[in-house]
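Student: This structure is in structure tokens; I'll ask about it shortly.
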Amino acid sequence: MSLSDPDARSMATTLRMPRVVGYNVQTAVEAENHLIVAHEVTMQGYDRDALSMMAVAARDAMAPDQIEAIADKGYYKSEEILACEQAGTEVVVPKPQTSNAGARGQFDKADFAYDAETDVYVCPAGEHLIYRFTGRQDGKAIRTYWSSECEGFVIKDKCTNSKERRIRRWEHKNVLERVQQRLDKDPTQLAVRSMTVEHAYGTIKSWMGATHFKMRKLKNVATEMALHVLAYNMTRVMKIIGIPTLIAAMRA
Ligand code: SF4
């Protein structure tokens with residue numbers, strides 16, 4: 001609990017520690033001129049629920065039919081990526097490594113190739129893991145696959161300690177696979193994200209100084225941030241097109 005600001009929350013600055021008590025500022029920055037096209041101050045201690053909200057806000061502000069949203073791995077959440085796709089916005093976001101199989105010296109899920117045409121997974125031994133049933137996990141429909149050939153297989157120890165290796169697949173996994181394909185096609189997109197959004201953040205943070213927000217409570221902090229964004233965008237536009245052109249455009 002923050003004794004000086006009832007709206008401030010503990011922020012997950014890393015997955016474990018340390019934490020900062022404050023606010024979470026979400027921004028969408030366009031890649032050509034580095035203007036902030038959408039921003040939001042939230043009390044959420046993490047980013048993973050913000051992807052579709054920011055991608056849709058950025059698309060609406062920029063007005064083109066199609067934008068590509070690039071985010072860091074803190075934004076990787078299946079439901080959020082699906083919501084972006086359903087809203088017509090393609091996303092590029094790297095998947096965090098969560099499987100321990102590789103560390104245990106066992107085959108990782110990535111070692112199993114999915115064949116969409118036949119709806120089977122092919123394991124490292126070349127066996128087919130076929131669809132068995134659909135269950136629900138955290139509200140998501142999960143399809144489960146396995147092979148009947150696992151038992152007695154010579155490399156089974158490298159794969160599973162159970163009777164057979166089971167692979168689970170979210171019903172919308174194809175959306176996540178498309179995200180990975182976009183990233184594989186052009187891994188430099190992640191560098192574009194850093195160069196774009198960190199330019200805006202670095203500039204504003206240096207203006208703010210070490211203590212960042214001067215205000216307290218969400219509404220006031222949101223206003224303070226909006227003024228920072230306005231100042232940043234105005235400064236950028238003045239640098240890019242010049243003050244006379246900007247004044248003429250504002251009068252038009
Ligand atoms: S244990 Fe089963 S899934 Fe794993 S490599 Fe062997 S046959 Fe394939």
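Every chain in the structure tokens takes a letter, A first, then B, and so on in the order presented; its residues are numbered from 1, and the ligands are numbered from 1 following the presented order.
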Which residues are near ligand 1 - at most 7 Å, using only C-alpha atoms and all ligand atoms? Format: as a list of chain:residue names.
Tutor: A:Cys123, A:Pro124, A:Ala125, A:Gly126, A:Glu127, A:Leu129, A:Trp146, A:Ser147, A:Glu149, A:Cys150, A:Glu151, A:Phe153, A:Ile155, A:Lys156, A:Cys159, A:Thr160, A:Glu164, A:Arg165
Student: Would you give me, as a PyMOL selection string, the residues in range 108-239 of chain A that DSSP reads as strand (DSSP E)?
Tutor: chain A and resi 113-115+120-122+128-137+140-146+166-170
Student: How about saving the chosen residues, N, CA and C atoms kept, as a CSV table (one decimal), in the first residue's frame?
Tutor:
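Below you can see out-v3.csv, which holds the result:
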```csv
chain,number,residue,atom,x,y,z
A,113,ALA,N,6.6,-30.7,-34.9
A,113,ALA,CA,6.2,-29.9,-36.0
A,113,ALA,C,4.7,-30.2,-36.2
A,114,TYR,N,3.9,-29.1,-36.3
A,114,TYR,CA,2.5,-29.3,-36.6
A,114,TYR,C,2.2,-29.3,-38.0
A,115,ASP,N,1.4,-30.2,-38.5
A,115,ASP,CA,0.9,-30.3,-39.9
A,115,ASP,C,-0.6,-29.9,-39.9
A,120,VAL,N,-2.0,-33.2,-37.3
A,120,VAL,CA,-1.2,-34.0,-36.5
A,120,VAL,C,0.1,-33.3,-36.1
A,121,TYR,N,0.7,-33.7,-35.0
A,121,TYR,CA,2.1,-33.2,-34.7
A,121,TYR,C,3.1,-34.4,-35.1
A,122,VAL,N,4.2,-34.0,-35.6
A,122,VAL,CA,5.2,-35.0,-35.9
A,122,VAL,C,6.4,-34.8,-34.9
A,128,HIS,N,3.6,-39.8,-35.5
A,128,HIS,CA,2.5,-38.9,-35.6
A,128,HIS,C,1.7,-38.8,-34.3
A,129,LEU,N,1.6,-37.6,-33.7
A,129,LEU,CA,0.8,-37.5,-32.5
A,129,LEU,C,-0.6,-37.0,-33.0
A,130,ILE,N,-1.6,-37.8,-32.8
A,130,ILE,CA,-2.9,-37.5,-33.4
A,130,ILE,C,-3.8,-36.9,-32.4
A,131,TYR,N,-4.9,-36.2,-32.9
A,131,TYR,CA,-5.8,-35.5,-32.0
A,131,TYR,C,-6.6,-36.5,-31.2
A,132,ARG,N,-6.8,-36.3,-29.9
A,132,ARG,CA,-7.5,-37.2,-29.0
A,132,ARG,C,-8.8,-36.6,-28.5
A,133,PHE,N,-8.6,-35.4,-27.8
A,133,PHE,CA,-9.9,-34.8,-27.2
A,133,PHE,C,-9.6,-33.3,-27.0
A,134,THR,N,-10.7,-32.6,-26.8
A,134,THR,CA,-10.6,-31.1,-26.5
A,134,THR,C,-11.1,-30.9,-25.0
A,135,GLY,N,-10.3,-30.2,-24.2
A,135,GLY,CA,-10.6,-29.9,-22.9
A,135,GLY,C,-10.6,-28.4,-22.7
A,136,ARG,N,-10.9,-27.9,-21.5
A,136,ARG,CA,-10.9,-26.4,-21.3
A,136,ARG,C,-9.8,-26.1,-20.2
A,137,GLN,N,-9.1,-25.0,-20.4
A,137,GLN,CA,-8.1,-24.6,-19.4
A,137,GLN,C,-8.2,-23.0,-19.4
A,140,LYS,N,-10.1,-21.5,-22.1
A,140,LYS,CA,-9.7,-21.7,-23.5
A,140,LYS,C,-9.9,-23.2,-23.9
A,141,ALA,N,-10.3,-23.4,-25.2
A,141,ALA,CA,-10.4,-24.7,-25.7
A,141,ALA,C,-9.1,-25.3,-26.1
A,142,ILE,N,-8.6,-26.4,-25.4
A,142,ILE,CA,-7.3,-26.9,-25.7
A,142,ILE,C,-7.4,-28.3,-26.3
A,143,ARG,N,-6.8,-28.5,-27.4
A,143,ARG,CA,-6.9,-29.8,-28.1
A,143,ARG,C,-5.6,-30.6,-27.7
A,144,THR,N,-5.8,-31.9,-27.4
A,144,THR,CA,-4.7,-32.7,-26.9
A,144,THR,C,-4.3,-33.8,-28.0
A,145,TYR,N,-3.0,-34.0,-28.2
A,145,TYR,CA,-2.5,-34.9,-29.2
A,145,TYR,C,-1.5,-35.9,-28.5
A,146,TRP,N,-1.5,-37.1,-28.9
A,146,TRP,CA,-0.4,-38.0,-28.5
A,146,TRP,C,-0.3,-39.2,-29.5
A,166,ARG,N,2.3,-35.9,-24.4
A,166,ARG,CA,1.1,-35.2,-24.9
A,166,ARG,C,1.4,-33.8,-25.2
A,167,ILE,N,0.9,-33.4,-26.4
A,167,ILE,CA,1.0,-32.0,-26.8
A,167,ILE,C,-0.3,-31.3,-26.8
A,168,ARG,N,-0.4,-30.2,-26.2
A,168,ARG,CA,-1.7,-29.4,-26.1
A,168,ARG,C,-1.6,-28.2,-27.0
A,169,ARG,N,-2.7,-28.0,-27.7
A,169,ARG,CA,-2.8,-27.0,-28.7
A,169,ARG,C,-4.1,-26.1,-28.5
A,170,TRP,N,-3.9,-24.8,-28.3
A,170,TRP,CA,-5.1,-23.9,-28.2
A,170,TRP,C,-5.8,-23.9,-29.5
```
Student: Neighbouring residues of Asp7 in chain A were defined as those with any atom within 10 Å, considering only C-alpha atoms; residues of the same chain fewer than 5 positions away were excluded. Please report them as JSON, numbers by chain.
Tutor: {"A": [1, 2, 21, 22, 23, 42, 43, 216, 217, 218, 219, 221]}
Student: Using the selection just defined, write its residues with N, CA and C atoms as a compact mmCIF listing (two decimals), in the first residue's frame.
Tutor:
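What ended up in selection01.txt:
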```txt
# COMPACT_ATOMS: atom_id res chain seq x y z
N MET A 1 0.85 -1.20 0.00
CA MET A 1 0.00 0.00 0.00
C MET A 1 0.88 1.24 0.00
N SER A 2 0.57 2.17 -0.89
CA SER A 2 1.31 3.42 -0.90
C SER A 2 0.63 4.39 0.06
N VAL A 21 6.67 1.27 -6.90
CA VAL A 21 5.29 1.68 -6.64
C VAL A 21 5.01 2.91 -7.50
N GLY A 22 4.00 2.82 -8.35
CA GLY A 22 3.72 3.94 -9.25
C GLY A 22 2.60 3.60 -10.21
N TYR A 23 2.78 3.98 -11.47
CA TYR A 23 1.76 3.77 -12.50
C TYR A 23 2.40 3.12 -13.71
N THR A 42 -2.24 3.46 -16.61
CA THR A 42 -3.04 2.42 -15.95
C THR A 42 -2.47 2.09 -14.57
N MET A 43 -3.29 1.39 -13.78
CA MET A 43 -2.85 0.93 -12.46
C MET A 43 -2.42 -0.53 -12.51
N ARG A 216 -0.32 13.16 -7.82
CA ARG A 216 -0.80 11.97 -7.12
C ARG A 216 -2.21 11.66 -7.63
N LYS A 217 -2.60 10.40 -7.55
CA LYS A 217 -3.90 9.88 -7.97
C LYS A 217 -3.97 9.76 -9.51
N LEU A 218 -4.67 8.73 -9.91
CA LEU A 218 -4.68 8.34 -11.33
C LEU A 218 -5.10 9.49 -12.26
N LYS A 219 -6.20 10.17 -11.91
CA LYS A 219 -6.72 11.22 -12.80
C LYS A 219 -5.67 12.32 -13.01
N VAL A 221 -2.35 12.10 -12.46
CA VAL A 221 -1.17 11.56 -13.13
C VAL A 221 -1.44 11.43 -14.64
```
Student: Pick out the residues sitting within 10 Å of range 85-101 of chain A, and hand them over as a VMD selection string; count only C-alpha atoms, and ignore anything fewer than 2 positions along from it in its own chain.
Tutor: chain A and resid 51 to 52 55 to 56 58 to 59 65 to 83 103 to 110 158 to 160 175 to 176 178 to 184 186 to 187 189 to 190 193
Student: How would the residues just chosen look if you wrote them out with C-alpha atoms as a CSV table (one decimal), in the first residue's frame?
Tutor:
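Written out: part-v6.csv:
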```
chain,number,residue,atom,x,y,z
A,51,LEU,CA,-1.8,-5.2,-26.3
A,52,SER,CA,-5.2,-5.1,-28.0
A,55,ALA,CA,-3.0,-1.6,-30.9
A,56,VAL,CA,-6.7,-0.6,-31.6
A,58,ALA,CA,-3.1,3.4,-32.4
A,59,ARG,CA,-4.9,2.1,-35.5
A,65,ASP,CA,-7.0,0.4,-42.6
A,66,GLN,CA,-4.0,-1.7,-41.6
A,67,ILE,CA,-1.2,-1.2,-39.2
A,68,GLU,CA,1.4,-3.7,-37.8
A,69,ALA,CA,1.8,-3.5,-34.1
A,70,ILE,CA,5.2,-4.5,-32.6
A,71,ALA,CA,5.5,-5.1,-28.9
A,72,ASP,CA,8.0,-6.7,-26.5
A,73,LYS,CA,7.6,-10.1,-24.9
A,74,GLY,CA,5.9,-8.6,-21.8
A,75,TYR,CA,2.8,-8.2,-24.0
A,76,TYR,CA,2.6,-11.8,-25.1
A,77,LYS,CA,-0.8,-13.1,-24.2
A,78,SER,CA,-2.8,-15.4,-26.5
A,79,GLU,CA,-6.2,-13.8,-25.9
A,80,GLU,CA,-4.8,-10.3,-26.5
A,81,ILE,CA,-3.0,-11.4,-29.7
A,82,LEU,CA,-6.3,-13.0,-30.9
A,83,ALA,CA,-8.2,-9.8,-30.1
A,103,ALA,CA,16.7,-27.3,-19.5
A,104,ARG,CA,15.9,-30.8,-18.4
A,105,GLY,CA,17.6,-32.1,-21.5
A,106,GLN,CA,14.2,-33.2,-23.0
A,107,PHE,CA,12.6,-32.4,-26.3
A,108,ASP,CA,10.9,-29.0,-26.3
A,109,LYS,CA,7.4,-28.5,-27.7
A,110,ALA,CA,9.1,-26.5,-30.5
A,158,LYS,CA,14.6,-37.6,-23.9
A,159,CYS,CA,10.9,-36.9,-24.3
A,160,THR,CA,8.7,-37.7,-21.3
A,175,VAL,CA,-2.9,-17.0,-34.8
A,176,LEU,CA,0.2,-17.4,-32.6
A,178,ARG,CA,1.4,-16.5,-37.8
A,179,VAL,CA,2.9,-14.1,-35.2
A,180,GLN,CA,6.0,-16.3,-35.0
A,181,GLN,CA,6.2,-16.5,-38.8
A,182,ARG,CA,6.2,-12.7,-39.1
A,183,LEU,CA,9.0,-12.5,-36.6
A,184,ASP,CA,11.0,-15.3,-38.3
A,186,ASP,CA,12.1,-10.3,-40.3
A,187,PRO,CA,13.6,-10.5,-36.8
A,189,GLN,CA,11.4,-5.7,-36.3
A,190,LEU,CA,12.1,-5.9,-32.6
A,193,ARG,CA,10.3,-1.3,-31.7
```
Student: Between A:His39, A:Arg48, A:His34, A:Arg19, which is the closest to Thr235 in chain A once you count only C-alpha atoms?
Tutor: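 With only C-alpha atoms as the atom set, the closest residue is A:His34.
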Student: Can you measure CA of Asp60 in chain A to CA of Val25 in chain A for me? One decimal in Å is fine.
Tutor: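 Computing the Euclidean distance for CA of Asp60 in chain A and CA of Val25 in chain A yields 18.9 Å.
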Student: For Val229 in chain A, please output as a compact mmCIF listing (two decimals) with N, CA and C atoms, in the first residue's frame all residues within 10 Å (counting only C-alpha atoms; exclusion window: fewer than 6 positions along the same chain).
Tutor:
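Produced file result_19.txt, reproduced below:
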```
# COMPACT_ATOMS: atom_id res chain seq x y z
N THR A 27 2.23 3.30 -24.18
CA THR A 27 2.28 4.22 -25.32
C THR A 27 2.39 3.42 -26.62
N LEU A 35 6.22 9.77 -33.38
CA LEU A 35 5.20 10.51 -32.64
C LEU A 35 4.39 9.53 -31.81
N ILE A 36 3.99 9.97 -30.62
CA ILE A 36 3.15 9.12 -29.77
C ILE A 36 1.71 9.26 -30.27
N VAL A 37 1.15 8.15 -30.77
CA VAL A 37 -0.19 8.23 -31.37
C VAL A 37 -1.28 7.81 -30.38
N ALA A 38 -0.90 7.11 -29.33
CA ALA A 38 -1.89 6.74 -28.30
C ALA A 38 -1.14 6.51 -27.00
N HIS A 39 -1.77 6.86 -25.91
CA HIS A 39 -1.17 6.55 -24.61
C HIS A 39 -2.26 6.38 -23.58
N ALA A 200 10.94 7.97 -27.57
CA ALA A 200 9.92 8.80 -26.90
C ALA A 200 10.06 8.69 -25.38
N TYR A 201 10.20 7.47 -24.87
CA TYR A 201 10.30 7.28 -23.41
C TYR A 201 11.55 7.94 -22.84
N ILE A 204 11.07 11.78 -22.71
CA ILE A 204 10.14 12.23 -21.66
C ILE A 204 10.72 11.98 -20.27
N THR A 223 -3.38 13.30 -16.40
CA THR A 223 -3.31 14.64 -16.99
C THR A 223 -1.86 15.08 -17.15
N THR A 235 7.11 19.19 -29.85
CA THR A 235 8.55 19.40 -30.07
C THR A 235 9.02 18.62 -31.29
```
Student: Nearest to Ala226 in chain A among A:Met11, A:Met238, A:Phe213, A:Asp138, with distances taken over only C-alpha atoms: which residue is it?
Tutor: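 Selected residue with least distance to Ala226 in chain A: A:Phe213.
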Student: Work out how far apart CA of Ser10 in chain A and CA of Gly45 in chain A are and give it in Å to one decimal.
Tutor: 6.0 Å
Student: In Å, with one decimal, what is the gap from CA of Lys163 in chain A to CA of Gly139 in chain A?
Tutor: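 Separation between CA of Lys163 in chain A and CA of Gly139 in chain A: 27.0 Å.
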Student: Point out the residue among A:Met62, A:Met234, A:Cys84, A:Ala31 with the least atom-to-atom distance to Ala50 in chain A, counting only C-alpha atoms.
Tutor: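 The answer is A:Cys84, which sits nearest to Ala50 in chain A.
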